[in-house]
$ cat final-v4.cif   # mmCIF, C-alpha atoms and all ligand atoms
data_coords
#
loop_
_atom_site.label_atom_id
_atom_site.label_comp_id
_atom_site.auth_asym_id
_atom_site.auth_seq_id
_atom_site.Cartn_x
_atom_site.Cartn_y
_atom_site.Cartn_z
CA MET A 230 20.95 1.12 43.45
CA LYS A 231 23.25 -1.83 42.89
CA THR A 232 26.58 -1.67 41.06
CA LEU A 233 27.77 -4.68 39.06
CA THR A 234 31.09 -4.88 37.25
CA VAL A 235 32.05 -6.16 33.83
CA ALA A 236 35.56 -7.39 34.61
CA LEU A 237 37.78 -6.70 31.61
CA GLY A 238 41.06 -5.60 33.21
CA ASP A 239 41.78 -1.94 32.56
CA ARG A 240 38.61 -1.76 30.42
CA SER A 241 36.38 -2.91 33.30
CA TYR A 242 33.25 -0.86 33.82
CA PRO A 243 30.35 -0.53 36.24
CA ILE A 244 26.69 -1.25 35.56
CA ARG A 245 24.61 0.89 37.90
CA VAL A 246 21.13 -0.56 38.11
CA GLY A 247 18.06 0.56 40.04
CA ALA A 248 15.02 2.81 40.07
CA GLY A 249 16.42 6.34 39.83
CA ALA A 250 19.92 5.22 38.75
CA LEU A 251 19.98 8.05 36.21
CA ASP A 252 20.72 10.47 39.05
CA ALA A 253 24.20 8.90 39.19
CA LEU A 254 25.08 10.33 35.75
CA PRO A 255 26.93 13.43 37.07
CA GLU A 256 29.00 11.22 39.39
CA ALA A 257 29.75 8.84 36.52
CA LEU A 258 30.89 11.71 34.28
CA SER A 259 33.05 13.04 37.07
CA ARG A 260 34.64 9.60 37.58
CA LEU A 261 35.41 9.58 33.84
CA GLU A 262 36.95 13.07 34.16
CA ALA A 263 34.70 14.33 31.36
CA LYS A 264 35.48 17.78 30.03
CA GLY A 265 33.74 20.20 27.66
CA SER A 266 30.88 18.87 25.54
CA VAL A 267 29.02 15.58 25.95
CA ALA A 268 27.05 14.24 22.95
CA VAL A 269 23.68 12.73 23.86
CA CYS A 270 22.65 10.42 21.01
CA THR A 271 19.00 9.41 21.11
CA ASP A 272 16.04 8.71 18.82
CA SER A 273 12.88 10.53 17.84
CA ASN A 274 10.77 8.67 20.45
CA VAL A 275 13.11 8.68 23.42
CA GLY A 276 14.58 12.15 22.91
CA PRO A 277 11.35 14.06 23.60
CA LEU A 278 10.77 11.93 26.73
CA TYR A 279 14.15 11.92 28.44
CA ALA A 280 16.82 14.03 26.67
CA GLN A 281 16.02 17.19 28.62
CA ARG A 282 16.51 15.43 31.94
CA VAL A 283 19.77 13.86 30.79
CA ASN A 284 20.95 17.24 29.47
CA GLU A 285 20.19 18.85 32.84
CA LEU A 286 22.20 16.19 34.66
CA ILE A 287 25.11 16.78 32.27
CA ALA A 288 24.87 20.53 32.90
CA ASP A 289 24.82 19.81 36.66
CA ALA A 290 28.22 18.17 36.15
CA GLY A 291 29.51 21.44 34.64
CA LEU A 292 29.51 20.07 31.08
CA ARG A 293 27.82 21.15 27.85
CA PRO A 294 25.23 18.69 26.45
CA VAL A 295 24.84 18.39 22.67
CA THR A 296 21.75 16.45 21.56
CA CYS A 297 21.99 14.28 18.41
CA VAL A 298 18.71 12.67 17.29
CA MET A 299 18.13 9.86 14.79
CA HIS A 300 14.75 8.63 13.53
CA ALA A 301 13.57 5.71 15.64
CA GLY A 302 13.46 2.17 14.28
CA GLU A 303 15.57 -0.74 13.05
CA ALA A 304 15.34 0.50 9.44
CA ASN A 305 17.39 3.55 10.46
CA LYS A 306 20.24 1.49 11.93
CA ARG A 307 22.39 2.23 8.88
CA LEU A 308 25.91 3.43 8.09
CA ALA A 309 24.51 6.86 7.10
CA ARG A 310 23.69 7.48 10.80
CA ILE A 311 27.38 7.10 11.69
CA ASP A 312 28.24 9.78 9.15
CA GLU A 313 25.53 12.04 10.57
CA PHE A 314 26.41 11.52 14.25
CA CYS A 315 30.15 11.96 13.61
CA GLY A 316 29.40 15.08 11.54
CA GLN A 317 27.55 16.54 14.51
CA PHE A 318 30.37 15.59 16.89
CA LEU A 319 32.83 17.42 14.60
CA ALA A 320 30.60 20.47 14.21
CA GLU A 321 30.23 20.70 18.00
CA GLY A 322 33.97 20.38 18.55
CA LEU A 323 34.04 17.02 20.36
CA ASP A 324 37.61 15.81 20.71
CA ARG A 325 39.36 12.56 21.64
CA SER A 326 38.62 13.05 25.33
CA SER A 327 34.89 13.68 24.80
CA ILE A 328 32.14 11.34 25.88
CA VAL A 329 29.15 10.06 23.91
CA VAL A 330 25.97 9.10 25.79
CA ALA A 331 23.64 6.56 24.14
CA LEU A 332 20.12 7.24 25.41
CA GLY A 333 17.62 4.77 24.00
CA GLY A 334 16.96 1.17 23.04
CA GLY A 335 19.28 -1.29 21.36
CA VAL A 336 19.17 0.57 18.05
CA VAL A 337 20.47 3.81 19.56
CA GLY A 338 22.98 1.92 21.71
CA ASP A 339 24.39 -0.01 18.74
CA VAL A 340 24.55 3.07 16.47
CA ALA A 341 25.87 5.56 19.05
CA GLY A 342 28.33 2.94 20.33
CA PHE A 343 29.65 2.36 16.81
CA ALA A 344 29.88 6.13 16.20
CA ALA A 345 31.90 6.35 19.43
CA ALA A 346 34.10 3.46 18.25
CA CYS A 347 34.83 5.28 14.96
CA TYR A 348 35.01 8.94 15.99
CA MET A 349 38.65 10.04 16.32
CA ARG A 350 39.46 6.27 16.22
CA GLY A 351 37.49 5.72 19.40
CA VAL A 352 36.06 7.86 22.19
CA ARG A 353 34.45 6.75 25.43
CA PHE A 354 30.72 6.21 25.69
CA VAL A 355 28.08 5.74 28.36
CA GLN A 356 25.02 3.55 27.84
CA ILE A 357 21.67 4.70 29.26
CA PRO A 358 19.35 1.94 27.99
CA THR A 359 15.60 2.60 27.89
CA THR A 360 14.12 -0.73 26.68
CA ILE A 361 14.21 -4.15 28.33
CA VAL A 362 16.27 -5.50 25.40
CA ALA A 363 18.83 -2.78 25.97
CA GLN A 364 18.78 -3.02 29.78
CA VAL A 365 19.26 -6.80 29.93
CA ASP A 366 21.32 -7.37 26.80
CA SER A 367 22.56 -4.82 24.27
CA SER A 368 23.96 -2.14 26.62
CA VAL A 369 26.37 -4.64 28.21
CA GLY A 370 29.15 -6.34 26.30
CA GLY A 371 30.46 -3.88 23.74
CA LYS A 372 28.92 -5.19 20.52
CA THR A 373 28.19 -2.10 18.43
CA GLY A 374 27.26 -1.69 14.79
CA VAL A 375 24.75 -1.13 12.04
CA ASN A 376 22.87 -3.16 9.45
CA HIS A 377 23.71 -3.49 5.75
CA PRO A 378 20.97 -4.27 3.19
CA LEU A 379 22.67 -7.66 2.74
CA GLY A 380 22.83 -8.53 6.45
CA LYS A 381 21.84 -7.44 9.94
CA ASN A 382 24.60 -6.20 12.28
CA THR A 383 27.23 -6.93 9.63
CA ILE A 384 29.20 -3.68 10.02
CA GLY A 385 30.44 -2.93 13.50
CA ALA A 386 33.09 -3.08 16.17
CA PHE A 387 33.65 -4.36 19.67
CA HIS A 388 33.80 -1.19 21.75
CA GLN A 389 33.03 -1.49 25.44
CA PRO A 390 31.14 1.32 27.18
CA SER A 391 32.80 3.11 30.12
CA GLU A 392 29.60 3.04 32.20
CA VAL A 393 26.14 1.53 31.93
CA ILE A 394 23.34 3.28 33.82
CA ILE A 395 20.13 1.26 34.01
CA ASP A 396 17.22 3.24 35.42
CA LEU A 397 14.08 1.12 35.63
CA THR A 398 11.80 4.15 35.83
CA LEU A 399 12.65 4.90 32.18
CA LEU A 400 10.58 1.84 31.28
CA ASP A 401 7.38 3.66 32.37
CA THR A 402 6.77 4.86 28.83
CA LEU A 403 7.85 1.68 27.01
CA PRO A 404 5.03 0.22 24.85
CA ASP A 405 3.73 -3.18 26.06
CA ARG A 406 4.76 -5.04 22.93
CA GLU A 407 8.36 -3.81 23.35
CA LEU A 408 8.27 -4.79 27.04
CA LYS A 409 7.17 -8.35 26.24
CA ALA A 410 9.68 -8.73 23.41
CA GLY A 411 12.47 -7.70 25.77
CA LEU A 412 11.36 -10.24 28.36
CA ALA A 413 12.14 -12.99 25.83
CA GLU A 414 15.83 -12.19 26.43
CA VAL A 415 15.31 -12.54 30.21
CA ILE A 416 13.63 -15.92 29.72
CA LYS A 417 16.61 -16.83 27.52
CA HIS A 418 19.03 -15.96 30.34
CA GLY A 419 17.05 -18.28 32.62
CA VAL A 420 17.17 -21.16 30.15
CA ILE A 421 20.89 -20.82 29.42
CA ALA A 422 22.25 -20.06 32.86
CA ASP A 423 19.86 -19.97 35.80
CA GLU A 424 16.83 -22.17 36.50
CA ALA A 425 15.93 -19.92 39.48
CA LEU A 426 15.61 -16.91 37.16
CA PHE A 427 13.44 -18.97 34.82
CA ALA A 428 11.24 -20.05 37.75
CA TYR A 429 10.97 -16.42 38.87
CA MET A 430 9.70 -15.48 35.41
CA GLU A 431 7.11 -18.27 35.70
CA THR A 432 5.82 -17.10 39.06
CA HIS A 433 5.97 -13.28 38.74
CA ARG A 434 4.34 -12.77 35.36
CA ASP A 435 1.52 -10.42 36.41
CA ALA A 436 3.74 -8.10 38.44
CA ILE A 437 6.40 -8.04 35.72
CA LEU A 438 3.91 -7.29 32.96
CA SER A 439 2.44 -4.46 35.04
CA LYS A 440 6.00 -3.00 35.28
CA ASP A 441 6.06 -3.32 39.06
CA LEU A 442 9.54 -1.98 39.81
CA GLU A 443 10.01 -4.31 42.80
CA ALA A 444 9.28 -7.30 40.58
CA LEU A 445 11.43 -6.09 37.67
CA ILE A 446 14.60 -5.36 39.60
CA TYR A 447 15.66 -9.00 40.16
CA PRO A 448 15.30 -10.25 36.55
CA ILE A 449 17.05 -7.15 35.17
CA GLU A 450 19.92 -7.29 37.69
CA ARG A 451 20.31 -11.05 37.33
CA SER A 452 20.32 -10.82 33.52
CA CYS A 453 23.06 -8.17 33.70
CA GLU A 454 25.06 -10.37 36.08
CA ILE A 455 24.79 -13.33 33.71
CA LYS A 456 25.73 -11.24 30.69
CA ALA A 457 28.61 -9.54 32.55
CA GLU A 458 30.07 -12.91 33.59
CA VAL A 459 29.84 -14.31 30.07
CA VAL A 460 31.39 -11.19 28.48
CA ALA A 461 34.21 -11.13 31.04
CA ALA A 462 35.01 -14.75 30.25
CA ASP A 463 34.72 -14.50 26.45
CA GLU A 464 34.58 -10.92 25.19
CA ARG A 465 35.09 -11.76 21.49
CA GLU A 466 32.73 -14.76 21.29
CA GLN A 467 35.33 -17.47 20.86
CA GLY A 468 33.21 -19.94 22.83
CA LEU A 469 31.07 -19.29 25.91
CA ARG A 470 29.55 -16.03 24.64
CA ALA A 471 27.78 -18.01 21.91
CA ASN A 472 25.48 -19.29 24.70
CA LEU A 473 23.80 -15.86 24.54
CA ASN A 474 22.72 -16.75 21.01
CA TYR A 475 20.25 -19.37 22.31
CA GLY A 476 17.16 -19.04 20.10
CA HIS A 477 19.02 -16.62 17.82
CA THR A 478 20.21 -19.06 15.12
CA PHE A 479 16.58 -19.83 14.27
CA GLY A 480 15.45 -16.33 15.33
CA HIS A 481 17.77 -14.46 12.96
CA GLY A 482 16.56 -16.64 10.07
CA ILE A 483 12.96 -15.86 10.99
CA GLU A 484 13.68 -12.12 11.19
CA ALA A 485 15.34 -12.23 7.77
CA VAL A 486 12.52 -14.08 5.98
CA SER A 487 9.96 -11.73 7.50
CA ASP A 488 11.91 -8.65 6.31
CA TYR A 489 12.62 -7.55 9.90
CA THR A 490 9.11 -6.10 10.03
CA ARG A 491 6.67 -8.83 11.10
CA PHE A 492 8.37 -9.73 14.39
CA LEU A 493 10.28 -7.66 16.91
CA HIS A 494 13.72 -9.11 17.66
CA GLY A 495 12.54 -10.60 20.98
CA GLU A 496 9.50 -12.17 19.32
CA ALA A 497 11.74 -13.87 16.77
CA VAL A 498 13.98 -15.06 19.63
CA ALA A 499 10.87 -16.50 21.35
CA LEU A 500 10.08 -18.50 18.20
CA GLY A 501 13.75 -19.47 17.96
CA MET A 502 13.80 -20.74 21.54
CA HIS A 503 10.79 -22.94 20.84
CA ALA A 504 12.50 -24.35 17.75
CA ALA A 505 15.69 -24.90 19.79
CA GLY A 506 13.57 -26.75 22.37
CA ALA A 507 12.16 -29.02 19.65
CA LEU A 508 15.70 -29.65 18.38
CA ALA A 509 16.97 -30.52 21.86
CA GLN A 510 14.10 -32.96 22.26
CA GLU A 511 14.82 -34.51 18.86
CA LEU A 512 18.45 -34.95 19.97
CA GLY A 513 17.29 -36.66 23.17
CA LEU A 514 18.81 -33.93 25.36
CA VAL A 515 15.57 -32.88 27.01
CA ASP A 516 12.13 -34.38 27.42
CA THR A 517 8.64 -33.18 26.51
CA ALA A 518 8.24 -31.65 29.97
CA PHE A 519 11.16 -29.26 29.28
CA VAL A 520 9.71 -28.17 25.92
CA GLU A 521 6.25 -27.66 27.40
CA ARG A 522 7.61 -25.74 30.39
CA GLN A 523 9.61 -23.37 28.17
CA GLN A 524 6.66 -22.96 25.80
CA ALA A 525 4.25 -22.14 28.65
CA CYS A 526 6.58 -19.45 30.02
CA ILE A 527 7.13 -17.85 26.59
CA GLU A 528 3.39 -17.82 25.88
CA ALA A 529 2.59 -16.46 29.37
CA TYR A 530 4.39 -13.28 28.30
CA GLY A 531 2.28 -13.00 25.15
CA LEU A 532 5.19 -14.10 22.98
CA PRO A 533 4.82 -16.37 19.93
CA THR A 534 5.78 -20.05 19.72
CA SER A 535 4.18 -20.62 16.33
CA TRP A 536 4.02 -19.05 12.88
CA SER A 537 1.75 -21.11 10.65
CA GLU A 538 3.11 -19.52 7.44
CA LEU A 539 6.78 -19.98 8.30
CA PRO A 540 8.70 -20.68 5.05
CA VAL A 541 10.92 -23.52 6.23
CA ASP A 542 13.33 -23.69 3.26
CA ALA A 543 13.82 -19.93 3.01
CA THR A 544 14.42 -19.74 6.77
CA LEU A 545 17.07 -22.46 6.59
CA GLU A 546 18.72 -20.58 3.73
CA ALA A 547 18.66 -17.30 5.69
CA MET A 548 20.17 -19.09 8.71
CA ARG A 549 23.06 -20.28 6.54
CA ARG A 550 23.69 -16.69 5.34
CA ASP A 551 23.69 -15.28 8.89
CA LYS A 552 27.03 -13.87 10.03
CA LYS A 553 27.11 -16.34 12.90
CA ALA A 554 27.37 -19.24 10.43
CA ARG A 555 31.00 -20.11 9.70
CA ALA A 556 31.78 -21.52 6.25
CA GLY A 557 28.13 -22.48 6.00
CA THR A 558 28.28 -24.49 9.25
CA LEU A 559 25.64 -23.52 11.74
CA LYS A 560 26.22 -23.61 15.46
CA PHE A 561 23.13 -24.46 17.46
CA ILE A 562 22.83 -23.71 21.15
CA VAL A 563 20.63 -26.35 22.74
CA ALA A 564 19.56 -26.93 26.33
CA ASP A 565 20.38 -30.20 28.06
CA ARG A 566 18.47 -29.14 31.17
CA MET A 567 16.79 -25.99 32.43
CA GLY A 568 19.56 -23.47 33.21
CA HIS A 569 22.25 -25.13 31.10
CA VAL A 570 23.08 -25.23 27.39
CA THR A 571 25.57 -26.86 25.07
CA HIS A 572 26.84 -26.14 21.53
CA ARG A 573 26.20 -28.43 18.55
CA THR A 574 27.65 -28.10 15.06
CA ASP A 575 26.61 -31.58 13.89
CA ILE A 576 22.94 -30.85 13.22
CA THR A 577 21.70 -32.24 9.93
CA GLU A 578 19.50 -30.28 7.57
CA GLU A 579 16.66 -32.71 8.32
CA GLN A 580 16.97 -32.11 12.07
CA ALA A 581 16.98 -28.31 11.62
CA ARG A 582 14.01 -28.60 9.26
CA ALA A 583 12.08 -30.71 11.78
CA ALA A 584 12.78 -28.14 14.52
CA LEU A 585 11.49 -25.30 12.34
CA SER A 586 8.44 -27.36 11.42
CA ALA A 587 7.51 -27.41 15.13
CA LEU A 588 6.66 -23.70 14.66
CA CYS A 589 4.37 -24.28 11.65
CA ARG A 590 1.05 -24.51 13.47
CA GLU A 591 -1.81 -22.18 14.27
CA PRO A 592 -1.41 -20.43 17.63
CA ALA A 593 -3.32 -22.10 20.50
CA GLY A 594 -6.87 -20.77 20.65
CA ALA A 595 -6.74 -19.43 17.06
P1 LIG B 601 14.69 -0.13 19.64
O1 LIG B 601 15.93 0.53 20.05
O2 LIG B 601 14.23 0.02 18.23
O3 LIG B 601 13.52 0.35 20.62
C1 LIG B 601 12.21 -0.12 20.39
C2 LIG B 601 11.22 1.05 20.24
O4 LIG B 601 10.94 1.58 21.52
C3 LIG B 601 11.74 2.22 19.41
O5 LIG B 601 10.66 2.74 18.68
C4 LIG B 601 12.19 3.22 20.46
O6 LIG B 601 12.15 4.55 19.98
C5 LIG B 601 11.19 2.99 21.55
N1 LIG B 601 11.62 3.28 22.91
C6 LIG B 601 12.80 2.96 23.46
N2 LIG B 601 12.78 3.24 24.76
C7 LIG B 601 11.57 3.76 25.05
C8 LIG B 601 10.95 4.22 26.23
N3 LIG B 601 11.57 4.14 27.41
N4 LIG B 601 9.72 4.74 26.13
C9 LIG B 601 9.07 4.77 24.94
N5 LIG B 601 9.58 4.30 23.79
C10 LIG B 601 10.82 3.80 23.85
O7 LIG B 601 14.73 -1.71 19.90
P2 LIG B 601 15.35 -2.63 21.05
O8 LIG B 601 14.45 -3.79 21.15
O9 LIG B 601 15.66 -1.86 22.27
O10 LIG B 601 16.74 -3.09 20.42
C11 LIG B 601 16.80 -3.88 19.27
C12 LIG B 601 18.15 -3.66 18.63
O11 LIG B 601 19.15 -4.05 19.55
C13 LIG B 601 18.37 -4.47 17.38
O12 LIG B 601 18.95 -3.65 16.40
C14 LIG B 601 19.34 -5.54 17.80
O13 LIG B 601 20.19 -5.96 16.76
C15 LIG B 601 20.11 -4.82 18.87
N6 LIG B 601 20.74 -5.71 19.86
C16 LIG B 601 22.06 -5.56 20.08
C17 LIG B 601 22.69 -6.34 21.03
C18 LIG B 601 24.14 -6.12 21.32
O14 LIG B 601 24.75 -6.94 22.03
N7 LIG B 601 24.74 -5.05 20.84
C19 LIG B 601 21.98 -7.31 21.73
C20 LIG B 601 20.61 -7.44 21.49
C21 LIG B 601 19.99 -6.62 20.54
N1 LIG B 602 23.45 -10.44 22.34
C1 LIG B 602 24.49 -11.39 22.20
C2 LIG B 602 25.82 -10.92 22.67
O1 LIG B 602 25.93 -9.83 23.18
O2 LIG B 602 26.77 -11.61 22.52
#
$ encode --input "final-v4.cif" --output "structure tokens"
Amino acid sequence: MKTLTVALGDRSYPIRVGAGALDALPEALSRLEAKGSVAVCTDSNVGPLYAQRVNELIADAGLRPVTCVMHAGEANKRLARIDEFCGQFLAEGLDRSSIVVALGGGVVGDVAGFAAACYMRGVRFVQIPTTIVAQVDSSVGGKTGVNHPLGKNTIGAFHQPSEVIIDLTLLDTLPDRELKAGLAEVIKHGVIADEALFAYMETHRDAILSKDLEALIYPIERSCEIKAEVVAADEREQGLRANLNYGHTFGHGIEAVSDYTRFLHGEAVALGMHAAGALAQELGLVDTAFVERQQACIEAYGLPTSWSELPVDATLEAMRRDKKARAGTLKFIVADRMGHVTHRTDITEEQARAALSALCREPAGA
């Protein structure tokens, strides 16, 4: 097991990553001087698989586990869950020194993290991520929150976890489509920050897709390192942290126009990265070889680079409404070489439209 650190002064925290890392939970709770009850927030898919084991580890630490379960799925990432989780915390007598454990994917992590941010004006929480998206992205960095019918992730708080425990063996049960969607975020980390990581994804596809733990450890650890460095440098997304939104400006628009149901988040990010590649080429920042290399890697993981029915105008409109747009101005993250990106706020509507149009084709082999 390796331990990385998110360096945020007195709010710094460890990320323990490895096969079997979950066994470190009692030690983590002891380091945090946990007392009394620990709430384990999970969802209806993950709870039956892993809550009992987590509860046993909490009991081993001399603490009382309290399981709080929400229905799985993005549609349930709503403010009502905060009311429900906090109601359970109150009923079980959790106090200001209690700890909340988020056991699940990004949805559980965002909801449980926001409940922890709100309960008693903020209690500590531990992330135990169980999807690739959560292990390489959402469990690190302290963005928590829920969706509103008028916008995704529009109600939330920055609330850093006290520990992140990433156990790769929890991925055993993850459905293939979720695995592939999560790998889009790893490919993203390669494009924005590390050509060697990108090259690794190109050359280790079969082992990664078969969930070979030896093959998965490097991309997961490296992604966490990249994210930890970015968060330490720019916790509140004043500048550098926006790099993590590569593919997301287009991707969020695509998720919105497809009602958050047609594509998983990572699939929309894959489409968004391809559009961002087309935009970078249009701007003369990269050549065709870059776009084709990125496209080949995305497609090698069974992720989309085209959507023939993409509604270009509606997607542009949704992008303008996204919370990342400021006063209607969109910030685009574009690559200028593999492993390095830059920010652009001077993109014309025509250029954005042309980039989206690059997605409007039948998939290869269709
Ligand atoms: P998710 O949490 O919905 O999990 C995907 C599905 O897999 C769910 O049905 C879940 O029950 C199931 N599942 C999870 N782990 C499993 C396992 N080990 N075995 C079997 N099934 C399992 O989705 P996600 O992709 O993990 O996260 C997406 C969410 O994360 C979105 O809401 C997105 O906004 C958020 N997110 C947040 C951040 C952040 O910085 N806070 C970053 C990226 C994404
Ligand atoms: N997922 C983007 C961020 O954490 O900033």
$ closest_atom_pairs --input "final-v4.cif" --of "chain A" --to "ligand LIG 602 (chain B)" --cutoff "9 Å" --atoms "only C-alpha atoms and all ligand atoms" --output "Markdown table"
| residue | atom | partner | partner_atom | distance |
| --- | --- | --- | --- | --- |
| A:Asp366 | CA | B:LIG602 | N1 | 5.8 |
| A:Ser367 | CA | B:LIG602 | N1 | 6.0 |
| A:Ser368 | CA | B:LIG602 | O1 | 8.7 |
| A:Val369 | CA | B:LIG602 | O1 | 7.2 |
| A:Gly370 | CA | B:LIG602 | O1 | 5.7 |
| A:Gly371 | CA | B:LIG602 | O1 | 7.5 |
| A:Lys372 | CA | B:LIG602 | O1 | 6.1 |
| A:Glu414 | CA | B:LIG602 | N1 | 8.8 |
| A:Lys456 | CA | B:LIG602 | O1 | 7.6 |
| A:Val459 | CA | B:LIG602 | O2 | 8.6 |
| A:Val460 | CA | B:LIG602 | O2 | 7.6 |
| A:Glu464 | CA | B:LIG602 | O2 | 8.3 |
| A:Arg465 | CA | B:LIG602 | O2 | 8.4 |
| A:Glu466 | CA | B:LIG602 | O2 | 6.9 |
| A:Arg470 | CA | B:LIG602 | O2 | 5.6 |
| A:Ala471 | CA | B:LIG602 | O2 | 6.5 |
| A:Asn472 | CA | B:LIG602 | O2 | 8.1 |
| A:Leu473 | CA | B:LIG602 | C1 | 5.1 |
| A:Asn474 | CA | B:LIG602 | C1 | 5.8 |
| A:His477 | CA | B:LIG602 | C1 | 8.7 |
$ write_last_selection --input "final-v4.cif" --atoms "C-alpha atoms" --output "compact mmCIF listing (two decimals), keeping the file's coordinate frame"
# COMPACT_ATOMS: atom_id res chain seq x y z
CA ASP A 366 21.32 -7.37 26.80
CA SER A 367 22.56 -4.82 24.27
CA SER A 368 23.96 -2.14 26.62
CA VAL A 369 26.37 -4.64 28.21
CA GLY A 370 29.15 -6.34 26.30
CA GLY A 371 30.46 -3.88 23.74
CA LYS A 372 28.92 -5.19 20.52
CA GLU A 414 15.83 -12.19 26.43
CA LYS A 456 25.73 -11.24 30.69
CA VAL A 459 29.84 -14.31 30.07
CA VAL A 460 31.39 -11.19 28.48
CA GLU A 464 34.58 -10.92 25.19
CA ARG A 465 35.09 -11.76 21.49
CA GLU A 466 32.73 -14.76 21.29
CA ARG A 470 29.55 -16.03 24.64
CA ALA A 471 27.78 -18.01 21.91
CA ASN A 472 25.48 -19.29 24.70
CA LEU A 473 23.80 -15.86 24.54
CA ASN A 474 22.72 -16.75 21.01
CA HIS A 477 19.02 -16.62 17.82
$ residues_near_ligand --input "final-v4.cif" --ligand "ligand LIG 601 (chain B)" --cutoff "6 Å" --atoms "all atoms listed in the file" --output "list in words"
Asp272, Asn274, Val275, Ala301, Gly302, Glu303, Gly333, Gly334, Gly335, Val336, Val337, Asp339, Thr359, Thr360, Val362, Ala363, Asp366, Ser367, Lys372, Thr373, Leu399, Leu400, Thr402 and Leu403 of chain A
$ residues_around --input "final-v4.cif" --residues "Val295 in chain A" --least-positions-apart "3" --cutoff "10 Å" --atoms "only C-alpha atoms" --output "PDB file with C-alpha atoms, in the frame of the given file"
ATOM      1  CA  SER A 266      30.880  18.870  25.540  1.00  0.00           C
ATOM      2  CA  VAL A 267      29.020  15.580  25.950  1.00  0.00           C
ATOM      3  CA  ALA A 268      27.050  14.240  22.950  1.00  0.00           C
ATOM      4  CA  VAL A 269      23.680  12.730  23.860  1.00  0.00           C
ATOM      5  CA  CYS A 270      22.650  10.420  21.010  1.00  0.00           C
ATOM      6  CA  ALA A 280      16.820  14.030  26.670  1.00  0.00           C
ATOM      7  CA  ASN A 284      20.950  17.240  29.470  1.00  0.00           C
ATOM      8  CA  ILE A 287      25.110  16.780  32.270  1.00  0.00           C
ATOM      9  CA  LEU A 292      29.510  20.070  31.080  1.00  0.00           C
ATOM     10  CA  VAL A 298      18.710  12.670  17.290  1.00  0.00           C
ATOM     11  CA  GLN A 317      27.550  16.540  14.510  1.00  0.00           C
ATOM     12  CA  PHE A 318      30.370  15.590  16.890  1.00  0.00           C
ATOM     13  CA  GLU A 321      30.230  20.700  18.000  1.00  0.00           C
ATOM     14  CA  LEU A 323      34.040  17.020  20.360  1.00  0.00           C
ATOM     15  CA  VAL A 329      29.150  10.060  23.910  1.00  0.00           C
ATOM     16  CA  VAL A 330      25.970   9.100  25.790  1.00  0.00           C
TER      17      VAL A 330
END
$ closest_atom_pairs --input "final-v4.cif" --of "range 430-486 of chain A" --to "range 540-560 of chain A" --cutoff "8 Å" --atoms "only C-alpha atoms" --output "Markdown table"
| residue | atom | partner | partner_atom | distance |
| --- | --- | --- | --- | --- |
| A:Thr478 | CA | A:Met548 | CA | 6.4 |
| A:Phe479 | CA | A:Met548 | CA | 6.7 |
| A:His481 | CA | A:Met548 | CA | 6.7 |
| A:Gly482 | CA | A:Met548 | CA | 4.6 |
| A:Ile483 | CA | A:Thr544 | CA | 5.9 |
| A:Ala485 | CA | A:Ala547 | CA | 6.4 |
| A:Val486 | CA | A:Thr544 | CA | 6.0 |
$ axis_aligned_box --input "final-v4.cif" --around "range 558-565 of chain A" --padding-each-side "4 Å" --output "JSON"
{"center_x": 23.9, "center_y": -26.9, "center_z": 18.7, "size_x": 16.7, "size_y": 14.7, "size_z": 26.8}
$ atom_distance --input "final-v4.cif" --atom1 "CA of Tyr242 in chain A" --atom2 "CA of His388 in chain A"
12.1 Å
$ closest_residue --input "final-v4.cif" --among "A:Ser586, A:Asn305, A:Thr490, A:Gln356" --to "Ile328 in chain A" --atoms "only C-alpha atoms"
A:Gln356
$ atom_distance --input "final-v4.cif" --atom1 "CA of Val515 in chain A" --atom2 "CA of Ala564 in chain A"
7.2 Å
$ atom_distance --input "final-v4.cif" --atom1 "CA of Ala345 in chain A" --atom2 "CA of Leu493 in chain A"
25.9 Å
$ residues_around --input "final-v4.cif" --residues "Ala422 in chain A" --least-positions-apart "3" --cutoff "8 Å" --atoms "only C-alpha atoms" --output "JSON, numbers by chain"
{"A": [418, 419, 455, 568, 569, 570]}
$ residues_around --input "final-v4.cif" --residues "range 431-439 of chain A" --least-positions-apart "2" --cutoff "8 Å" --atoms "all atoms listed in the file" --output "ChimeraX atom specification"
/A:408-409,427-429,441-442,444-445,526,529-530
$ write_last_selection --input "final-v4.cif" --atoms "C-alpha atoms" --output "compact mmCIF listing (two decimals), in the frame of the given file"
# COMPACT_ATOMS: atom_id res chain seq x y z
CA LEU A 408 8.27 -4.79 27.04
CA LYS A 409 7.17 -8.35 26.24
CA PHE A 427 13.44 -18.97 34.82
CA ALA A 428 11.24 -20.05 37.75
CA TYR A 429 10.97 -16.42 38.87
CA ASP A 441 6.06 -3.32 39.06
CA LEU A 442 9.54 -1.98 39.81
CA ALA A 444 9.28 -7.30 40.58
CA LEU A 445 11.43 -6.09 37.67
CA CYS A 526 6.58 -19.45 30.02
CA ALA A 529 2.59 -16.46 29.37
CA TYR A 530 4.39 -13.28 28.30
$ residues_near_point --input "final-v4.cif" --point "(-2.9, -21.0, 22.5)" --cutoff "10 Å" --atoms "all atoms listed in the file" --output "PyMOL selection string"
chain A and resi 525+528-529+531+533-535+591-595
$ closest_residue --input "final-v4.cif" --among "A:Ile244, A:Val235, A:Val420, A:Leu532" --to "Val520 in chain A" --atoms "only C-alpha atoms"
A:Val420
$ closest_residue --input "final-v4.cif" --among "A:Arg240, A:Arg282, A:Arg310, A:Lys264" --to "Ser326 in chain A" --atoms "all atoms listed in the file"
A:Lys264
$ residues_around --input "final-v4.cif" --residues "Ala507 in chain A" --least-positions-apart "4" --cutoff "7 Å" --atoms "only C-alpha atoms" --output "list of chain:residue names"
A:His503, A:Glu511, A:Val520, A:Ala584, A:Ala587
